[in-house]
Every structure is written in structure tokens, then in C-alpha cells.
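Q: Structure supplied as data31.cif; contents: mmCIF, C-alpha atoms and all ligand atoms.
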data_data
#
loop_
_atom_site.label_atom_id
_atom_site.label_comp_id
_atom_site.auth_asym_id
_atom_site.auth_seq_id
_atom_site.Cartn_x
_atom_site.Cartn_y
_atom_site.Cartn_z
CA MET A 1168 83.72 74.46 138.01
CA THR A 1169 84.68 77.76 136.41
CA HIS A 1170 84.48 81.04 138.29
CA ALA A 1171 83.09 84.12 136.57
CA ALA A 1172 85.70 86.86 136.52
CA ASP A 1173 85.05 89.73 138.88
CA PRO A 1174 84.09 92.71 136.67
CA LEU A 1175 85.59 95.01 139.30
CA ASP A 1176 88.98 93.32 138.91
CA LEU A 1177 91.07 95.97 137.15
CA HIS A 1178 94.38 94.23 137.67
CA PRO A 1179 96.79 95.45 134.97
CA ARG A 1180 97.14 91.95 133.51
CA ARG A 1181 93.36 91.62 133.12
CA LEU A 1182 93.03 95.18 131.88
CA ARG A 1183 95.68 94.52 129.25
CA ASP A 1184 93.87 91.37 128.11
CA ALA A 1185 90.62 93.32 127.81
CA PHE A 1186 92.29 96.16 125.89
CA GLY A 1187 93.70 93.44 123.61
CA CYS A 1188 90.16 92.66 122.39
CA PHE A 1189 90.46 95.85 120.36
CA GLY A 1190 92.37 94.83 117.23
CA THR A 1191 94.77 97.48 115.96
CA GLY A 1192 97.29 98.09 113.27
CA VAL A 1193 100.95 98.27 114.23
CA THR A 1194 103.36 101.19 113.83
CA ILE A 1195 106.99 101.90 114.52
CA VAL A 1196 107.58 105.43 115.76
CA THR A 1197 111.00 106.74 114.75
CA ALA A 1198 113.18 109.72 115.64
CA PHE A 1199 116.82 110.72 115.92
CA ASP A 1200 118.30 110.76 119.41
CA PRO A 1201 120.39 113.77 120.51
CA ASP A 1202 123.52 112.05 119.09
CA GLY A 1203 121.88 111.68 115.68
CA ARG A 1204 121.26 107.94 115.98
CA ALA A 1205 117.98 106.61 114.61
CA VAL A 1206 115.68 105.09 117.23
CA GLY A 1207 112.47 103.11 116.70
CA LEU A 1208 109.70 101.95 119.04
CA THR A 1209 106.83 99.60 118.21
CA ALA A 1210 103.49 101.24 119.08
CA ASN A 1211 99.91 100.14 118.49
CA SER A 1212 98.42 103.12 120.34
CA PHE A 1213 98.53 105.23 117.18
CA THR A 1214 95.28 107.08 116.52
CA SER A 1215 94.25 109.66 113.97
CA VAL A 1216 93.06 112.80 115.77
CA SER A 1217 92.24 115.68 113.44
CA LEU A 1218 92.14 116.49 109.72
CA ASP A 1219 92.33 120.27 110.12
CA PRO A 1220 94.82 120.82 111.54
CA PRO A 1221 96.38 117.44 110.66
CA LEU A 1222 97.01 115.74 114.02
CA LEU A 1223 97.71 112.22 115.24
CA LEU A 1224 98.69 110.70 118.56
CA PHE A 1225 100.43 107.79 120.14
CA CYS A 1226 100.82 106.88 123.79
CA LEU A 1227 104.36 106.53 125.05
CA ASP A 1228 105.18 104.31 128.02
CA ARG A 1229 107.06 106.55 130.45
CA ARG A 1230 109.01 103.50 131.65
CA SER A 1231 110.47 102.81 128.22
CA ARG A 1232 114.22 103.41 128.11
CA ARG A 1233 113.62 105.06 124.75
CA ALA A 1234 110.89 107.42 126.05
CA PRO A 1235 113.24 110.41 126.56
CA VAL A 1236 114.15 110.35 122.86
CA PHE A 1237 110.52 110.78 121.79
CA GLN A 1238 109.69 113.25 124.54
CA SER A 1239 112.45 115.60 123.40
CA ALA A 1240 112.57 114.98 119.62
CA GLU A 1241 111.83 117.97 117.41
CA ARG A 1242 110.67 115.64 114.67
CA PHE A 1243 109.29 112.13 114.74
CA ALA A 1244 107.58 109.83 112.26
CA VAL A 1245 104.88 107.18 112.52
CA ASN A 1246 105.50 104.25 110.17
CA VAL A 1247 102.45 102.02 109.57
CA LEU A 1248 103.49 98.41 109.01
CA HIS A 1249 102.26 95.99 106.35
CA ALA A 1250 101.72 92.28 106.92
CA GLY A 1251 105.29 91.42 105.87
CA GLN A 1252 106.86 93.51 108.64
CA GLU A 1253 106.12 91.44 111.76
CA ALA A 1254 109.84 90.83 112.35
CA LEU A 1255 110.48 94.58 112.41
CA SER A 1256 107.67 95.04 114.91
CA THR A 1257 109.16 92.36 117.19
CA ARG A 1258 112.59 93.89 116.85
CA PHE A 1259 111.49 97.39 117.84
CA ALA A 1260 109.42 96.15 120.74
CA ARG A 1261 112.70 95.42 122.53
CA GLY A 1262 115.57 97.82 122.88
CA THR A 1263 118.40 95.95 121.22
CA SER A 1264 122.06 96.74 120.84
CA GLU A 1265 121.77 96.04 117.11
CA GLY A 1266 120.00 99.41 116.79
CA MET A 1267 119.05 100.09 113.20
CA ASP A 1268 121.63 97.75 111.60
CA GLY A 1269 120.23 96.32 108.38
CA VAL A 1270 117.02 98.37 108.51
CA ASP A 1271 116.21 100.16 105.26
CA LEU A 1272 115.87 103.77 106.45
CA VAL A 1273 115.70 107.10 104.72
CA GLU A 1274 115.54 110.57 106.24
CA GLU A 1275 112.34 112.48 105.56
CA ASP A 1276 111.60 115.87 107.08
CA GLY A 1277 114.18 115.48 109.83
CA ALA A 1278 113.28 111.99 111.03
CA PRO A 1279 114.46 108.52 110.03
CA VAL A 1280 111.67 106.56 108.35
CA LEU A 1281 111.20 103.02 107.02
CA ARG A 1282 111.49 103.08 103.26
CA ASP A 1283 109.09 100.14 102.93
CA ALA A 1284 106.34 101.19 105.37
CA MET A 1285 102.74 101.11 104.15
CA ALA A 1286 102.26 104.71 105.30
CA VAL A 1287 104.59 107.28 106.82
CA PHE A 1288 103.48 110.36 108.74
CA SER A 1289 106.26 112.87 109.43
CA CYS A 1290 105.42 115.01 112.46
CA ARG A 1291 106.43 117.90 114.64
CA PRO A 1292 105.44 117.73 118.31
CA HIS A 1293 102.15 119.56 118.86
CA ALA A 1294 101.19 118.74 122.47
CA ALA A 1295 101.89 116.26 125.24
CA TYR A 1296 99.36 115.21 127.87
CA ASP A 1297 99.46 113.19 131.02
CA GLY A 1298 98.19 109.67 130.38
CA GLY A 1299 98.96 107.91 133.64
CA ASP A 1300 101.91 105.60 133.14
CA HIS A 1301 101.92 106.73 129.50
CA CYS A 1302 102.39 110.15 127.96
CA ILE A 1303 99.97 111.10 125.16
CA LEU A 1304 102.06 112.65 122.39
CA ILE A 1305 100.19 114.58 119.71
CA GLY A 1306 102.03 115.21 116.47
CA ARG A 1307 101.21 117.67 113.72
CA VAL A 1308 101.66 115.96 110.36
CA SER A 1309 104.00 117.88 108.07
CA ARG A 1310 104.33 115.31 105.30
CA LEU A 1311 102.86 111.94 104.42
CA ARG A 1312 103.10 109.13 101.92
CA PHE A 1313 101.27 105.85 101.65
CA GLU A 1314 101.09 102.80 99.43
CA PRO A 1315 97.56 101.41 99.24
CA GLY A 1316 96.87 97.85 98.12
CA GLN A 1317 98.97 96.10 100.79
CA ASP A 1318 97.72 93.87 103.58
CA PRO A 1319 98.02 95.45 107.06
CA LEU A 1320 99.82 93.96 110.06
CA ILE A 1321 97.26 93.51 112.84
CA TYR A 1322 97.74 93.04 116.59
CA PHE A 1323 94.87 91.35 118.39
CA GLN A 1324 94.73 89.57 121.75
CA GLY A 1325 98.49 89.62 122.13
CA ARG A 1326 99.26 88.10 118.73
CA TYR A 1327 100.10 89.31 115.27
CA ARG A 1328 97.52 88.61 112.58
CA SER A 1329 97.06 89.72 109.05
CA VAL A 1330 93.99 90.43 107.04
CA HIS A 1331 93.97 89.77 103.34
CA VAL A 1332 92.37 92.66 101.55
CA PRO A 1333 91.20 91.59 98.09
CA GLU A 1334 92.00 94.08 95.30
C1 LIG B 1 102.39 95.16 119.40
C2 LIG B 1 103.05 96.10 120.38
C3 LIG B 1 102.55 97.37 120.58
C4 LIG B 1 103.15 98.25 121.47
N1 LIG B 1 102.63 99.50 121.61
C5 LIG B 1 103.25 100.40 122.40
C6 LIG B 1 102.75 101.72 122.51
O1 LIG B 1 101.76 102.09 121.90
N2 LIG B 1 103.44 102.59 123.31
C7 LIG B 1 104.57 102.22 123.99
O2 LIG B 1 105.15 103.07 124.67
N3 LIG B 1 105.04 100.96 123.92
C8 LIG B 1 104.42 100.04 123.15
N4 LIG B 1 104.91 98.78 123.05
C9 LIG B 1 106.10 98.43 123.82
C10 LIG B 1 107.35 99.08 123.25
O3 LIG B 1 107.52 98.69 121.88
C11 LIG B 1 108.61 98.68 124.06
O4 LIG B 1 108.74 97.31 124.08
C12 LIG B 1 108.57 99.13 125.49
O5 LIG B 1 108.23 100.49 125.57
C13 LIG B 1 109.92 98.91 126.20
O6 LIG B 1 110.84 99.80 125.63
P1 LIG B 1 112.37 99.90 126.09
O7 LIG B 1 113.08 98.65 125.60
O8 LIG B 1 112.90 101.16 125.42
O9 LIG B 1 112.40 100.03 127.59
C14 LIG B 1 104.31 97.86 122.18
C15 LIG B 1 104.82 96.56 121.99
C16 LIG B 1 104.21 95.71 121.09
C17 LIG B 1 104.78 94.33 120.89
#
Take the structure in this file and express it as C-alpha cells.
Ligand SMILES: Cc1cc2nc3c(=O)[nH]c(=O)nc-3n(C[C@H](O)[C@H](O)[C@H](O)COP(=O)(O)O)c2cc1C
A:
Amino acid sequence: MTHAADPLDLHPRRLRDAFGCFGTGVTIVTAFDPDGRAVGLTANSFTSVSLDPPLLLFCLDRRSRRAPVFQSAERFAVNVLHAGQEALSTRFARGTSEGMDGVDLVEEDGAPVLRDAMAVFSCRPHAAYDGGDHCILIGRVSRLRFEPGQDPLIYFQGRYRSVHVPE
């Protein structure tokens, strides 16, 4: 016999599974640390916010060892991944000692960015808000580029997927 789940059960594990029903794209947020080393963090909390002024946000886990870099960076970039970049997403979801070795980066508007990303939004910090165990970082877009016609990397119910978009 199966038991219906208690709708009042907001245990973080269950909450995360429910949030996972919302399929998202995947980004890597990048910045230089105070020593000038490039740092990247996989984030699917990216959201467009405003066209005028041009604003976006992502939610930063305060417990991340890399959080201080993004909380203090004067520039950061949001790199939207295409379907061929799952390995990069996995890599930047864990803080590894390999850092950026072998990653094809260029500097754009004061932040390191992925040369091959589907879209890149270069940002200056605009505002930061309390978001519980996350911090909501709003960036003001200062520059952007994008390459349409590629298939996006999707994250849904804890797994990577891709959607083929016919031309
Ligand atoms: C698909 C995916 C999406 C993620 N999205 C976010 C996010 O939006 N914000 C965030 O802070 N961490 C996110 N993470 C987790 C971070 O990439 C990272 O693993 C975590 O913050 C631990 O970082 P640390 O190794 O610096 O401690 C995501 C991980 C994955 C696999």
C-alpha cells in the first residue's frame, strides 16, 4: 500500500524534489577572485528580471565555499550553456583543485567568460537581497552576446536533459 505524501511536509529534500519539477536552463556564473584567479559556479537559479534597466538575477548558496567571491566581485558574468556543455556544468558544481585548467576562457568587461557559451551576460552588481540560505544577487547587464540556433542544456528533476530545437 502506498501512502500519500503529506502536503505539509516541507522537508528540504522534498522541497528540492518539488522545485525540480520546474525545468530550467543551466548557467555557469564566473568572476575573478581577489587574487585574479577565474572562478566558476554552476547555477540554474538564473532569471531575467528587467529590460529597462537591463537586470538579471541568480541565487547564491551562502554555504558555498565560492560564495565570497561572487558577493564581493565588482564584475561577474552569467554564461548560458548549450547541450554540449554538460561536463562543464558538472565540473563547476563542485569546487575542484583543477580550477579553470583546460577551460576555454576569455576576459570580457572585467570578468572571465566561456568563449563557447550560448549566451554571455557581463554584469556589474546592482543589488543583493536576503534569500534565506541563499543570497539573491541582481546584476546590471553591461554587455551581452549570444549564438542562437544551438540546443540548450536543461536541468529537470535532478538530471540533465537536452531539447532539440529544429531550425
Ligand atoms: C544543475 C545545478 C544547478 C545549481 N544551481 C545553483 C544555484 O543556482 N546557486 C548556487 O549557489 N548553487 C547552485 N548549484 C550548486 C553549486 O554549483 C555548488 O555545487 C555549490 O554551491 C557548492 O559550492 P562549493 O563547492 O563552492 O562549496 C547548482 C548545482 C547544479 C548541479
Q: Using all atoms listed in the file, find the one residue out of A:Asp1276, A:Asp1173, A:Asp1228, A:Asp1202 that sits nearest to His1301 in chain A.
A: A:Asp1228
Q: Can you measure CA of Ile1195 in chain A to CA of Leu1248 in chain A for me? One decimal in Å is fine.
A: 7.4 Å
Q: Using CA of Ala1198 in chain A and CA of Val1330 in chain A as the two end points, give the distance in Å to one decimal.
A: 28.5 Å
Q: Please identify all protein, DNA and RNA residues within 9 Å of ligand LIG 1 (chain B), counting all atoms listed in the file, and report them as a PDB file with C-alpha atoms, in the frame of the given file.
A:
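This is the output file out_33.pdb:
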ATOM      1  CA  THR A1191      94.770  97.480 115.960  1.00  0.00           C
ATOM      2  CA  GLY A1192      97.290  98.090 113.270  1.00  0.00           C
ATOM      3  CA  VAL A1193     100.950  98.270 114.230  1.00  0.00           C
ATOM      4  CA  THR A1194     103.360 101.190 113.830  1.00  0.00           C
ATOM      5  CA  ILE A1195     106.990 101.900 114.520  1.00  0.00           C
ATOM      6  CA  GLY A1207     112.470 103.110 116.700  1.00  0.00           C
ATOM      7  CA  LEU A1208     109.700 101.950 119.040  1.00  0.00           C
ATOM      8  CA  THR A1209     106.830  99.600 118.210  1.00  0.00           C
ATOM      9  CA  ALA A1210     103.490 101.240 119.080  1.00  0.00           C
ATOM     10  CA  ASN A1211      99.910 100.140 118.490  1.00  0.00           C
ATOM     11  CA  SER A1212      98.420 103.120 120.340  1.00  0.00           C
ATOM     12  CA  PHE A1213      98.530 105.230 117.180  1.00  0.00           C
ATOM     13  CA  PHE A1225     100.430 107.790 120.140  1.00  0.00           C
ATOM     14  CA  CYS A1226     100.820 106.880 123.790  1.00  0.00           C
ATOM     15  CA  LEU A1227     104.360 106.530 125.050  1.00  0.00           C
ATOM     16  CA  ASP A1228     105.180 104.310 128.020  1.00  0.00           C
ATOM     17  CA  ARG A1229     107.060 106.550 130.450  1.00  0.00           C
ATOM     18  CA  ARG A1230     109.010 103.500 131.650  1.00  0.00           C
ATOM     19  CA  SER A1231     110.470 102.810 128.220  1.00  0.00           C
ATOM     20  CA  ARG A1232     114.220 103.410 128.110  1.00  0.00           C
ATOM     21  CA  ARG A1233     113.620 105.060 124.750  1.00  0.00           C
ATOM     22  CA  ALA A1234     110.890 107.420 126.050  1.00  0.00           C
ATOM     23  CA  SER A1256     107.670  95.040 114.910  1.00  0.00           C
ATOM     24  CA  THR A1257     109.160  92.360 117.190  1.00  0.00           C
ATOM     25  CA  ARG A1258     112.590  93.890 116.850  1.00  0.00           C
ATOM     26  CA  PHE A1259     111.490  97.390 117.840  1.00  0.00           C
ATOM     27  CA  ALA A1260     109.420  96.150 120.740  1.00  0.00           C
ATOM     28  CA  ARG A1261     112.700  95.420 122.530  1.00  0.00           C
ATOM     29  CA  GLY A1262     115.570  97.820 122.880  1.00  0.00           C
ATOM     30  CA  THR A1263     118.400  95.950 121.220  1.00  0.00           C
ATOM     31  CA  HIS A1301     101.920 106.730 129.500  1.00  0.00           C
ATOM     32  CA  CYS A1302     102.390 110.150 127.960  1.00  0.00           C
ATOM     33  CA  ILE A1321      97.260  93.510 112.840  1.00  0.00           C
ATOM     34  CA  TYR A1322      97.740  93.040 116.590  1.00  0.00           C
ATOM     35  CA  PHE A1323      94.870  91.350 118.390  1.00  0.00           C
ATOM     36  CA  GLY A1325      98.490  89.620 122.130  1.00  0.00           C
ATOM     37  CA  ARG A1326      99.260  88.100 118.730  1.00  0.00           C
ATOM     38  CA  TYR A1327     100.100  89.310 115.270  1.00  0.00           C
TER      39      TYR A1327
END
Q: With only C-alpha atoms as the atoms that count, which of A:Leu1224, A:Leu1272, A:His1331, A:Ser1217 lies nearest to Tyr1296 in chain A?
A: A:Leu1224
Q: Quick one: residues within 9 Å of range 1278-1292 of chain A, all atoms listed in the file counted, chain neighbours fewer than 3 positions away excluded, as a VMD selection string?
A: chain A and resid 1194 to 1199 1205 to 1207 1222 to 1223 1238 to 1249 1252 1270 to 1275 1295 1304 to 1315 1317 to 1319
Q: Give me, please, the distance in Å between CA of Ala1171 in chain A and CA of Phe1189 in chain A, quoted to one decimal.
A: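 Separating CA of Ala1171 in chain A from CA of Phe1189 in chain A is a distance of 21.3 Å.
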Q: Using only C-alpha atoms, can you tell me which of A:Met1267, A:Ile1303, A:Leu1182, A:Glu1253 comes closest to Thr1214 in chain A?
A: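 Checking each candidate against Thr1214 in chain A, we get A:Ile1303 as the closest.
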Q: Go ahead and fit an axis-aligned box to every listed atom of range 1197-1204 of chain A plus 4 Å each side, and pass me the centre and edge lengths in Å, one decimal, as JSON.
A:
{"center_x": 117.3, "center_y": 110.3, "center_z": 117.6, "size_x": 20.5, "size_y": 15.0, "size_z": 13.8}
Q: With distances taken over all atoms listed in the file, which of A:Gly1316, A:Pro1235, A:Gly1187, A:Leu1255 is nearest to Gly1269 in chain A?
A: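 Of all the options, A:Leu1255 lies closest to Gly1269 in chain A.
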